[in-house]
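Next comes target.txt, a file with compact mmCIF, C-alpha atoms.
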# COMPACT_ATOMS: atom_id res chain seq x y z
CA MET A 14 29.98 -61.99 34.36
CA SER A 15 31.28 -59.55 36.96
CA THR A 16 34.42 -57.58 36.30
CA ALA A 17 36.75 -57.78 39.26
CA THR A 18 38.70 -54.82 37.99
CA GLY A 19 35.74 -52.60 37.22
CA PRO A 20 34.67 -49.74 39.44
CA ARG A 21 32.50 -50.61 42.41
CA ARG A 22 29.08 -49.06 42.49
CA GLY A 23 28.55 -49.39 46.23
CA ARG A 24 26.21 -51.95 47.69
CA GLY A 25 23.11 -53.37 46.14
CA ARG A 26 22.63 -54.94 42.76
CA PRO A 27 25.41 -54.37 40.27
CA ALA A 28 24.74 -51.85 37.53
CA ASP A 29 23.28 -53.50 34.48
CA PRO A 30 24.76 -51.96 31.35
CA ASP A 31 22.08 -53.74 29.37
CA ILE A 32 19.45 -51.55 31.00
CA GLU A 33 21.00 -48.38 29.65
CA GLN A 34 21.20 -49.87 26.19
CA ARG A 35 17.57 -50.97 26.29
CA VAL A 36 16.42 -47.54 27.43
CA VAL A 37 18.32 -45.58 24.78
CA THR A 38 17.19 -47.95 22.03
CA ALA A 39 13.59 -47.65 23.18
CA ALA A 40 13.95 -43.88 23.49
CA ILE A 41 14.94 -43.50 19.85
CA GLU A 42 12.03 -45.69 18.77
CA VAL A 43 9.52 -43.79 20.89
CA TYR A 44 10.88 -40.47 19.70
CA ALA A 45 10.82 -41.58 16.05
CA GLU A 46 7.17 -42.51 16.36
CA ALA A 47 5.92 -39.72 18.56
CA GLY A 48 8.36 -36.82 18.50
CA TRP A 49 8.91 -34.66 21.53
CA ALA A 50 5.19 -34.23 22.19
CA GLY A 51 4.79 -37.96 22.68
CA PHE A 52 8.13 -38.63 24.34
CA THR A 53 6.79 -39.78 27.70
CA LEU A 54 8.47 -41.72 30.45
CA ASP A 55 5.56 -44.16 30.40
CA ALA A 56 6.14 -44.91 26.73
CA ILE A 57 9.89 -45.33 27.20
CA ALA A 58 9.40 -47.62 30.21
CA ALA A 59 6.83 -49.74 28.38
CA ARG A 60 8.96 -50.04 25.26
CA SER A 61 12.19 -50.83 27.07
CA GLY A 62 10.75 -53.05 29.78
CA VAL A 63 12.72 -51.01 32.32
CA GLY A 64 10.89 -49.53 35.31
CA LYS A 65 10.43 -45.80 35.63
CA ALA A 66 12.30 -45.73 38.95
CA ALA A 67 15.31 -47.41 37.37
CA ILE A 68 15.20 -44.91 34.50
CA TYR A 69 15.06 -41.94 36.86
CA ARG A 70 18.03 -43.27 38.81
CA ARG A 71 20.10 -42.89 35.65
CA TRP A 72 18.73 -39.72 34.05
CA GLU A 73 17.36 -36.56 35.55
CA SER A 74 14.83 -35.68 32.87
CA LYS A 75 13.25 -36.78 29.63
CA LEU A 76 15.57 -34.44 27.81
CA ASP A 77 18.58 -36.17 29.41
CA ILE A 78 17.28 -39.50 28.15
CA LEU A 79 16.88 -38.15 24.64
CA ARG A 80 20.37 -36.62 24.73
CA ALA A 81 21.87 -39.93 25.84
CA ALA A 82 19.94 -41.81 23.18
CA TRP A 83 21.12 -39.34 20.59
CA ARG A 84 24.76 -39.81 21.56
CA ALA A 85 24.42 -43.58 21.74
CA ALA A 86 22.91 -43.78 18.28
CA SER A 87 25.74 -41.58 16.95
CA VAL A 88 22.98 -39.46 15.61
CA GLY A 89 23.68 -36.21 13.95
CA PHE A 90 23.92 -35.83 10.28
CA VAL A 91 25.76 -38.27 8.19
CA ARG A 92 29.45 -37.61 8.48
CA VAL A 93 31.10 -36.78 5.22
CA PRO A 94 33.84 -39.24 4.42
CA ASP A 95 37.03 -38.18 2.71
CA THR A 96 37.50 -40.83 0.07
CA GLY A 97 39.70 -38.49 -1.95
CA ASP A 98 37.02 -38.32 -4.64
CA LEU A 99 34.20 -35.80 -4.40
CA ARG A 100 31.66 -37.92 -6.26
CA SER A 101 32.33 -40.94 -4.03
CA ASP A 102 32.10 -38.77 -0.91
CA LEU A 103 28.72 -37.36 -1.92
CA VAL A 104 27.29 -40.69 -3.09
CA LEU A 105 28.22 -42.15 0.28
CA VAL A 106 26.49 -39.24 2.03
CA ALA A 107 23.26 -39.73 0.07
CA ARG A 108 23.29 -43.52 0.40
CA THR A 109 24.05 -43.51 4.11
CA LEU A 110 21.34 -40.94 4.69
CA MET A 111 18.80 -43.11 2.86
CA GLU A 112 19.82 -46.16 4.86
CA ARG A 113 19.48 -44.26 8.13
CA LEU A 114 16.08 -42.84 7.16
CA ASP A 115 14.88 -46.42 6.80
CA GLU A 116 15.59 -46.94 10.54
CA PRO A 117 14.05 -45.30 13.61
CA VAL A 118 17.20 -43.21 14.06
CA GLY A 119 16.72 -41.53 10.67
CA ILE A 120 13.06 -40.75 11.32
CA ALA A 121 14.19 -39.37 14.68
CA GLU A 122 16.62 -37.06 12.89
CA VAL A 123 13.85 -35.56 10.77
CA ARG A 124 11.65 -35.17 13.85
CA VAL A 125 14.47 -33.39 15.68
CA LEU A 126 14.79 -30.88 12.85
CA LEU A 127 11.08 -30.10 13.20
CA ASP A 128 11.17 -30.05 17.00
CA VAL A 129 14.17 -27.67 17.05
CA LYS A 130 11.85 -25.18 15.35
CA LEU A 131 8.86 -25.88 17.58
CA PHE A 132 10.66 -26.21 20.93
CA PRO A 133 13.80 -24.08 20.49
CA GLU A 134 14.64 -23.89 24.20
CA GLU A 135 14.39 -27.59 24.94
CA PHE A 136 16.24 -28.49 21.76
CA ALA A 137 19.01 -25.88 21.94
CA ASP A 138 21.60 -28.64 22.55
CA PHE A 139 20.48 -30.49 19.47
CA ASP A 140 21.48 -27.66 17.23
CA HIS A 141 25.19 -28.05 17.88
CA TRP A 142 25.62 -31.04 15.62
CA ARG A 143 23.84 -29.21 12.84
CA ALA A 144 26.47 -26.50 13.07
CA ALA A 145 29.14 -29.22 13.12
CA SER A 146 27.58 -30.80 10.06
CA ARG A 147 27.65 -27.50 8.21
CA ALA A 148 31.33 -27.17 9.07
CA VAL A 149 32.06 -30.59 7.58
CA ALA A 150 30.08 -29.71 4.45
CA ARG A 151 32.16 -26.58 4.11
CA GLU A 152 35.40 -28.56 4.48
CA THR A 153 34.30 -31.07 1.83
CA VAL A 154 33.34 -28.46 -0.72
CA ASP A 155 36.36 -26.25 -0.04
CA ARG A 156 38.61 -29.28 -0.60
CA ALA A 157 36.86 -30.04 -3.90
CA VAL A 158 37.23 -26.43 -5.03
CA ALA A 159 40.92 -26.49 -4.11
CA HIS A 160 41.36 -29.66 -6.21
CA GLY A 161 39.52 -28.12 -9.15
CA ASP A 162 36.62 -30.57 -8.76
CA LEU A 163 34.09 -27.78 -8.25
CA PRO A 164 33.88 -24.20 -9.48
CA ALA A 165 35.27 -21.58 -7.10
CA GLY A 166 32.56 -19.96 -5.04
CA THR A 167 30.39 -23.08 -4.79
CA ARG A 168 28.30 -22.75 -1.62
CA PRO A 169 28.65 -25.87 0.58
CA GLU A 170 25.12 -25.52 2.02
CA PHE A 171 23.75 -25.38 -1.50
CA VAL A 172 25.44 -28.65 -2.49
CA PHE A 173 24.14 -30.37 0.64
CA ASP A 174 20.62 -28.96 0.27
CA LEU A 175 20.50 -30.62 -3.14
CA VAL A 176 22.21 -33.92 -2.33
CA SER A 177 20.79 -34.55 1.14
CA GLY A 178 17.45 -32.92 0.34
CA ALA A 179 16.88 -35.09 -2.73
CA ALA A 180 17.82 -38.19 -0.72
CA VAL A 181 15.33 -37.27 2.02
CA HIS A 182 12.56 -36.44 -0.46
CA ASN A 183 13.20 -39.62 -2.41
CA PHE A 184 12.69 -41.59 0.80
CA LEU A 185 9.64 -39.62 1.94
CA MET A 186 7.86 -40.19 -1.37
CA VAL A 187 8.20 -43.97 -1.40
CA PRO A 188 4.62 -45.30 -1.51
CA PRO A 189 3.63 -47.71 1.26
CA GLY A 190 4.20 -51.25 0.10
CA MET A 191 7.07 -50.22 -2.16
CA ALA A 192 9.74 -50.15 0.52
CA ASP A 193 11.51 -53.28 -0.71
CA ALA A 194 11.66 -52.05 -4.29
CA TRP A 195 13.04 -48.75 -2.99
CA ARG A 196 15.72 -50.51 -0.93
CA ALA A 197 16.84 -52.39 -4.01
CA ARG A 198 17.20 -49.13 -5.97
CA ARG A 199 18.34 -46.56 -3.43
CA ALA A 200 22.06 -46.93 -4.09
CA GLN A 201 21.33 -46.13 -7.71
CA PHE A 202 19.17 -43.14 -6.76
CA ALA A 203 22.09 -41.84 -4.69
CA GLU A 204 24.39 -41.96 -7.72
CA GLU A 205 21.82 -40.34 -9.98
CA ILE A 206 21.29 -37.48 -7.53
CA VAL A 207 25.00 -36.77 -7.13
CA ASP A 208 25.70 -36.99 -10.86
CA LEU A 209 22.93 -34.51 -11.60
CA VAL A 210 24.12 -32.07 -8.96
CA LEU A 211 27.74 -32.25 -10.09
CA ALA A 212 26.71 -31.86 -13.75
CA GLY A 213 24.69 -28.77 -12.82
CA LEU A 214 27.44 -27.21 -10.71
CA ARG A 215 30.02 -27.77 -13.42
CA ALA A 216 27.76 -26.53 -16.22
CA GLN A 217 27.07 -23.36 -14.24
CA GLY A 218 30.74 -22.98 -13.38
CA THR A 219 31.72 -23.34 -17.02
CA ALA A 220 29.05 -20.86 -18.06
CA ILE A 221 30.31 -18.36 -15.50
CA THR A 222 33.93 -18.88 -16.52
CA ALA A 223 33.04 -18.61 -20.19
CA SER A 224 30.99 -15.44 -19.82
CA MET B 11 -26.77 -13.82 9.98
CA SER B 12 -29.12 -16.71 9.33
CA THR B 13 -29.69 -17.95 5.84
CA ALA B 14 -33.39 -18.34 5.17
CA THR B 15 -32.68 -20.46 2.12
CA GLY B 16 -30.12 -22.73 3.76
CA PRO B 17 -30.90 -26.26 4.90
CA ARG B 18 -32.52 -26.62 8.25
CA ARG B 19 -30.56 -28.45 10.88
CA GLY B 20 -33.54 -29.46 12.98
CA ARG B 21 -34.20 -27.95 16.37
CA GLY B 22 -31.68 -26.61 18.82
CA ARG B 23 -28.94 -24.05 18.37
CA PRO B 24 -28.07 -23.18 14.81
CA ALA B 25 -24.86 -24.65 13.46
CA ASP B 26 -21.92 -22.34 14.03
CA PRO B 27 -19.61 -22.47 11.02
CA ASP B 28 -17.00 -20.66 13.08
CA ILE B 29 -16.71 -23.68 15.35
CA GLU B 30 -15.69 -25.92 12.48
CA GLN B 31 -13.13 -23.41 11.32
CA ARG B 32 -11.65 -23.09 14.80
CA VAL B 33 -11.41 -26.84 15.20
CA VAL B 34 -9.71 -27.50 11.88
CA THR B 35 -7.26 -24.64 12.40
CA ALA B 36 -6.43 -25.94 15.88
CA ALA B 37 -6.17 -29.48 14.54
CA ILE B 38 -3.48 -28.52 12.04
CA GLU B 39 -1.54 -26.69 14.74
CA VAL B 40 -1.77 -29.59 17.20
CA TYR B 41 -0.80 -32.06 14.52
CA ALA B 42 2.14 -29.90 13.36
CA GLU B 43 3.48 -29.80 16.91
CA ALA B 44 2.73 -33.32 18.02
CA GLY B 45 2.13 -35.56 15.02
CA TRP B 46 -0.32 -38.41 15.17
CA ALA B 47 0.99 -39.71 18.50
CA GLY B 48 0.08 -36.43 20.20
CA PHE B 49 -3.08 -35.71 18.25
CA THR B 50 -5.49 -35.94 21.17
CA LEU B 51 -9.03 -34.67 21.48
CA ASP B 52 -8.03 -32.91 24.69
CA ALA B 53 -5.31 -30.96 22.87
CA ILE B 54 -7.63 -30.02 20.00
CA ALA B 55 -10.37 -28.92 22.40
CA ALA B 56 -7.96 -26.85 24.47
CA ARG B 57 -6.39 -25.21 21.43
CA SER B 58 -9.67 -24.43 19.66
CA GLY B 59 -11.68 -23.49 22.73
CA VAL B 60 -14.43 -25.80 21.48
CA GLY B 61 -15.81 -28.43 23.85
CA LYS B 62 -15.16 -32.11 23.24
CA ALA B 63 -18.88 -32.86 23.01
CA ALA B 64 -19.31 -30.24 20.28
CA ILE B 65 -16.36 -31.70 18.41
CA TYR B 66 -17.73 -35.22 18.63
CA ARG B 67 -21.11 -34.04 17.33
CA ARG B 68 -19.34 -33.06 14.10
CA TRP B 69 -16.73 -35.77 13.62
CA GLU B 70 -16.73 -39.43 14.46
CA SER B 71 -13.07 -39.88 15.23
CA LYS B 72 -9.74 -38.14 15.55
CA LEU B 73 -8.88 -39.34 12.09
CA ASP B 74 -12.04 -37.66 10.72
CA ILE B 75 -10.95 -34.40 12.32
CA LEU B 76 -7.52 -34.66 10.78
CA ARG B 77 -9.00 -35.48 7.37
CA ALA B 78 -11.31 -32.45 7.56
CA ALA B 79 -8.45 -30.22 8.67
CA TRP B 80 -6.35 -31.53 5.81
CA ARG B 81 -9.04 -30.72 3.26
CA ALA B 82 -9.73 -27.30 4.79
CA ALA B 83 -6.09 -26.33 4.68
CA SER B 84 -5.94 -27.45 1.05
CA VAL B 85 -3.06 -29.53 2.16
CA GLY B 86 -1.41 -31.95 -0.13
CA PHE B 87 1.70 -31.13 -1.99
CA VAL B 88 2.12 -27.86 -3.69
CA ARG B 89 0.20 -27.87 -6.93
CA VAL B 90 2.31 -27.36 -9.96
CA PRO B 91 1.20 -24.30 -11.88
CA ASP B 92 1.28 -24.17 -15.64
CA THR B 93 2.80 -20.78 -16.34
CA GLY B 94 3.87 -21.93 -19.78
CA ASP B 95 7.50 -21.76 -18.71
CA LEU B 96 9.15 -24.72 -16.98
CA ARG B 97 11.58 -22.61 -14.95
CA SER B 98 8.80 -20.37 -13.65
CA ASP B 99 6.66 -23.40 -12.81
CA LEU B 100 9.44 -25.02 -10.79
CA VAL B 101 10.52 -21.81 -9.04
CA LEU B 102 6.93 -21.32 -7.96
CA VAL B 103 6.82 -24.90 -6.63
CA ALA B 104 9.99 -24.41 -4.57
CA ARG B 105 8.99 -20.98 -3.28
CA THR B 106 5.46 -21.98 -2.35
CA LEU B 107 6.78 -25.07 -0.60
CA MET B 108 9.18 -22.95 1.47
CA GLU B 109 6.42 -20.52 2.39
CA ARG B 110 4.14 -23.36 3.48
CA LEU B 111 6.90 -25.02 5.52
CA ASP B 112 7.13 -21.80 7.50
CA GLU B 113 3.51 -22.32 8.64
CA PRO B 114 1.93 -25.10 10.74
CA VAL B 115 0.41 -26.60 7.59
CA GLY B 116 3.84 -27.20 6.06
CA ILE B 117 5.22 -28.81 9.21
CA ALA B 118 2.05 -30.93 9.23
CA GLU B 119 2.82 -32.08 5.69
CA VAL B 120 6.26 -33.35 6.70
CA ARG B 121 4.79 -35.06 9.77
CA VAL B 122 2.17 -36.78 7.58
CA LEU B 123 4.90 -38.18 5.34
CA LEU B 124 6.56 -39.69 8.41
CA ASP B 125 3.29 -40.89 9.93
CA VAL B 126 2.22 -42.57 6.66
CA LYS B 127 5.25 -44.81 7.15
CA LEU B 128 4.68 -45.40 10.86
CA PHE B 129 0.90 -45.79 10.84
CA PRO B 130 0.13 -47.07 7.33
CA GLU B 131 -3.40 -48.25 8.12
CA GLU B 132 -4.61 -45.06 9.79
CA PHE B 133 -2.97 -42.90 7.13
CA ALA B 134 -4.01 -44.89 4.06
CA ASP B 135 -6.27 -42.02 2.96
CA PHE B 136 -3.47 -39.55 3.17
CA ASP B 137 -1.52 -41.33 0.52
CA HIS B 138 -3.96 -40.52 -2.26
CA TRP B 139 -2.83 -36.95 -2.67
CA ARG B 140 0.76 -38.09 -2.87
CA ALA B 141 -0.20 -40.22 -5.85
CA ALA B 142 -2.06 -37.20 -7.29
CA SER B 143 0.99 -35.05 -6.76
CA ARG B 144 3.16 -37.55 -8.62
CA ALA B 145 0.70 -37.47 -11.50
CA VAL B 146 0.96 -33.67 -11.70
CA ALA B 147 4.75 -33.88 -11.59
CA ARG B 148 4.61 -36.32 -14.48
CA GLU B 149 2.35 -33.99 -16.47
CA THR B 150 4.67 -31.02 -15.89
CA VAL B 151 7.80 -32.85 -16.95
CA ASP B 152 6.14 -34.56 -19.91
CA ARG B 153 4.96 -31.15 -21.13
CA ALA B 154 8.48 -29.74 -20.79
CA VAL B 155 9.93 -32.69 -22.70
CA ALA B 156 7.32 -32.23 -25.45
CA HIS B 157 8.30 -28.55 -25.73
CA GLY B 158 11.99 -29.42 -25.89
CA ASP B 159 12.65 -27.79 -22.50
CA LEU B 160 13.96 -31.01 -20.98
CA PRO B 161 15.77 -34.02 -22.44
CA ALA B 162 13.53 -36.93 -23.41
CA GLY B 163 13.41 -39.59 -20.74
CA THR B 164 13.69 -37.15 -17.82
CA ARG B 165 12.07 -38.82 -14.80
CA PRO B 166 9.46 -36.53 -13.20
CA GLU B 167 10.02 -37.94 -9.69
CA PHE B 168 13.73 -37.23 -10.06
CA VAL B 169 13.13 -33.57 -10.92
CA PHE B 170 10.79 -33.17 -7.96
CA ASP B 171 13.08 -35.01 -5.55
CA LEU B 172 15.74 -32.43 -6.38
CA VAL B 173 13.61 -29.29 -6.48
CA SER B 174 11.25 -30.04 -3.59
CA GLY B 175 13.87 -31.93 -1.61
CA ALA B 176 16.36 -29.06 -1.74
CA ALA B 177 13.61 -26.62 -0.73
CA VAL B 178 12.67 -28.77 2.27
CA HIS B 179 16.29 -29.30 3.31
CA ASN B 180 17.05 -25.61 2.93
CA PHE B 181 14.20 -24.86 5.32
CA LEU B 182 15.09 -27.60 7.80
CA MET B 183 18.69 -26.38 8.09
CA VAL B 184 17.84 -22.79 8.96
CA PRO B 185 19.46 -22.16 12.37
CA PRO B 186 17.14 -20.97 15.13
CA GLY B 187 17.18 -17.20 15.24
CA MET B 188 17.90 -16.93 11.52
CA ALA B 189 14.32 -17.31 10.36
CA ASP B 190 13.93 -13.69 9.28
CA ALA B 191 17.13 -13.71 7.26
CA TRP B 192 15.94 -16.93 5.64
CA ARG B 193 12.55 -15.45 4.77
CA ALA B 194 14.28 -12.54 3.06
CA ARG B 195 16.36 -14.91 0.93
CA ARG B 196 14.13 -17.88 0.25
CA ALA B 197 12.79 -16.64 -3.09
CA GLN B 198 16.39 -16.39 -4.25
CA PHE B 199 17.18 -19.89 -2.92
CA ALA B 200 14.23 -21.20 -4.94
CA GLU B 201 15.64 -19.73 -8.14
CA GLU B 202 19.15 -21.01 -7.41
CA ILE B 203 17.85 -24.53 -6.80
CA VAL B 204 15.81 -24.64 -10.01
CA ASP B 205 18.60 -23.15 -12.12
CA LEU B 206 21.05 -25.75 -10.83
CA VAL B 207 18.66 -28.63 -11.48
CA LEU B 208 17.82 -27.44 -14.99
CA ALA B 209 21.51 -26.86 -15.78
CA GLY B 210 22.27 -30.39 -14.60
CA LEU B 211 19.43 -32.00 -16.54
CA ARG B 212 20.36 -30.16 -19.73
CA ALA B 213 24.09 -30.89 -19.36
CA GLN B 214 23.33 -34.58 -18.91
CA GLY B 215 20.85 -34.52 -21.79
CA THR B 216 23.40 -32.87 -24.05
CA ALA B 217 26.07 -35.36 -23.03
CA ILE B 218 23.71 -38.25 -23.76
CA THR B 219 22.67 -36.77 -27.11
CA ALA B 220 26.27 -36.09 -28.04
CA SER B 221 27.54 -39.54 -27.14

Could you quickly redo this structure as structure tokens?
Amino acid sequence: MSTATGPRRGRGRPADPDIEQRVVTAAIEVYAEAGWAGFTLDAIAARSGVGKAAIYRRWESKLDILRAAWRAASVGFVRVPDTGDLRSDLVLVARTLMERLDEPVGIAEVRVLLDVKLFPEEFADFDHWRAASRAVARETVDRAVAHGDLPAGTRPEFVFDLVSGAAVHNFLMVPPGMADAWRARRAQFAEEIVDLVLAGLRAQGTAITAS
Amino acid sequence: MSTATGPRRGRGRPADPDIEQRVVTAAIEVYAEAGWAGFTLDAIAARSGVGKAAIYRRWESKLDILRAAWRAASVGFVRVPDTGDLRSDLVLVARTLMERLDEPVGIAEVRVLLDVKLFPEEFADFDHWRAASRAVARETVDRAVAHGDLPAGTRPEFVFDLVSGAAVHNFLMVPPGMADAWRARRAQFAEEIVDLVLAGLRAQGTAITAS
């Protein structure tokens, strides 16, 4: 259906918004499977069913395609919610992370973290959301400290290394063929991880206060 | 230097053990950068400086090369030492893991864990050492429980998700340009991670015992 009020794109066939969606979806899948080293225009064209010429009319480079795909998938680390309860916030972080890892977008996130190290120039843009994610972690932990939910001096990065790291490792260690059993249990794993981390932080905080 | 007592390899040039070493070293580097999707014979030949024909005389397939490289690099998860002290064992696990992640072999390990999920048939072999690693984790935790160092019922996979997962996440989140600062601190991070996990496990164990 054409939109009479939409902007004109000059003569020729109307722009097909579906094409952009197909390309960015395919781009995340190709990148999840192959990383930057295997992120070729041929692979993206084959996966999306969109011709290379049509892709190059929309994006100037492979990196532009990956950036667009990244934005479209709302990739970046899991945003930390503010449920008003630290435990609920962190459980949601771990659970959402596990759910994402089970999709191409989550695998793509892990690959980006590796590729940032291997191709620092190409992936310089991709480091901004990591910095943003660290800022959100800091806000979450500072809020919890202010509310007395965590000992003063708790390092935000430390909390997220433990919570997010355990979630990632838990996923990575699922044996092939056990994916369904893991899906049925992952919400519980998320709670167990967060409860352990909070118990540890509070035990250490108490020990420090008591000493 | 030829070994008069070694097995004969028939006529022709003597086998050059250096060639095998160069190929497996190059193979780990190529795989670390590119994963399975970019693990091409051309890339391995270019990186190692060994001709494709010479490579194919030694290995039947790309997968054989990767398997040989894997064995040569003693890859597989970090072996758990038995220092007689649970904390020391776990600190050594976390520290060794961080040191390996800083090398191509450690990046290759993370890529294998992703590729096992994406290419389960090709990577079926690579799952054996994960099972072996889980068995060692179980032995370590069972020993600690027997010695009274951990509460009964502690799940070995849970301990390793937290310790190894936090070590991996800590590494992955190092900003570009901060690698040296991270190297100077990683031994301390390893201790902080293990102390938090043990404090959490013991606090939960005490709470369960007391209830």

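You will find CA of Gly178 (chain A) at 15.1 Å from CA of Arg105 (chain B).
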
Requested in this report: For region 158-170 of chain B, work out the shell of residues within 8 Å, counting all atoms listed in the file and skipping chain neighbours fewer than 3 positions away, then give it as a list in words.
Outcome: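 Those residues are Ile206 of chain A; Leu96, Arg144, Ala147, Arg148, Thr150, Val151, Asp152, Ala154, Val155, Val173, Ser174, Gly175, Val207, Leu208, Leu211, Arg212, Gly215 and Thr216 of chain B.
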
**Report entry** Two-atom distance - CA of Arg196 (chain A), CA of Leu111 (chain B) (Å)
**Finding:** 27.7 Å

Query raised in the report: Counting only C-alpha atoms, what is within 12 Å of Ser98 (chain B), bar same-chain residues fewer than 3 positions away, as a PyMOL selection string?
Result: chain B and resi 90-95+101-106+150+154+197+200-201+204-205+208

Save the residues we just selected, C-alpha atoms, as an mmCIF file, in the frame of the given file?
data_model
loop_
_atom_site.group_PDB
_atom_site.id
_atom_site.type_symbol
_atom_site.label_atom_id
_atom_site.label_comp_id
_atom_site.auth_asym_id
_atom_site.auth_seq_id
_atom_site.Cartn_x
_atom_site.Cartn_y
_atom_site.Cartn_z
ATOM 1 C CA VAL B 90 2.310 -27.360 -9.960
ATOM 2 C CA PRO B 91 1.200 -24.300 -11.880
ATOM 3 C CA ASP B 92 1.280 -24.170 -15.640
ATOM 4 C CA THR B 93 2.800 -20.780 -16.340
ATOM 5 C CA GLY B 94 3.870 -21.930 -19.780
ATOM 6 C CA ASP B 95 7.500 -21.760 -18.710
ATOM 7 C CA VAL B 101 10.520 -21.810 -9.040
ATOM 8 C CA LEU B 102 6.930 -21.320 -7.960
ATOM 9 C CA VAL B 103 6.820 -24.900 -6.630
ATOM 10 C CA ALA B 104 9.990 -24.410 -4.570
ATOM 11 C CA ARG B 105 8.990 -20.980 -3.280
ATOM 12 C CA THR B 106 5.460 -21.980 -2.350
ATOM 13 C CA THR B 150 4.670 -31.020 -15.890
ATOM 14 C CA ALA B 154 8.480 -29.740 -20.790
ATOM 15 C CA ALA B 197 12.790 -16.640 -3.090
ATOM 16 C CA ALA B 200 14.230 -21.200 -4.940
ATOM 17 C CA GLU B 201 15.640 -19.730 -8.140
ATOM 18 C CA VAL B 204 15.810 -24.640 -10.010
ATOM 19 C CA ASP B 205 18.600 -23.150 -12.120
ATOM 20 C CA LEU B 208 17.820 -27.440 -14.990
#

Report task. Could you please select, counting all atoms listed in the file, the residues of chain A within 9 Å of chain B and state them as a ChimeraX atom specification? Result -> /A:45-51,120,123-124,126-133,137,140,143-144,170-171,173-183,185-186,188-189,202,205-206,208-217

Query raised in the report: What is the CA of Tyr66 (chain B)-CA of Val115 (chain B) distance in Å, reported with one decimal?
Result: 22.9 Å
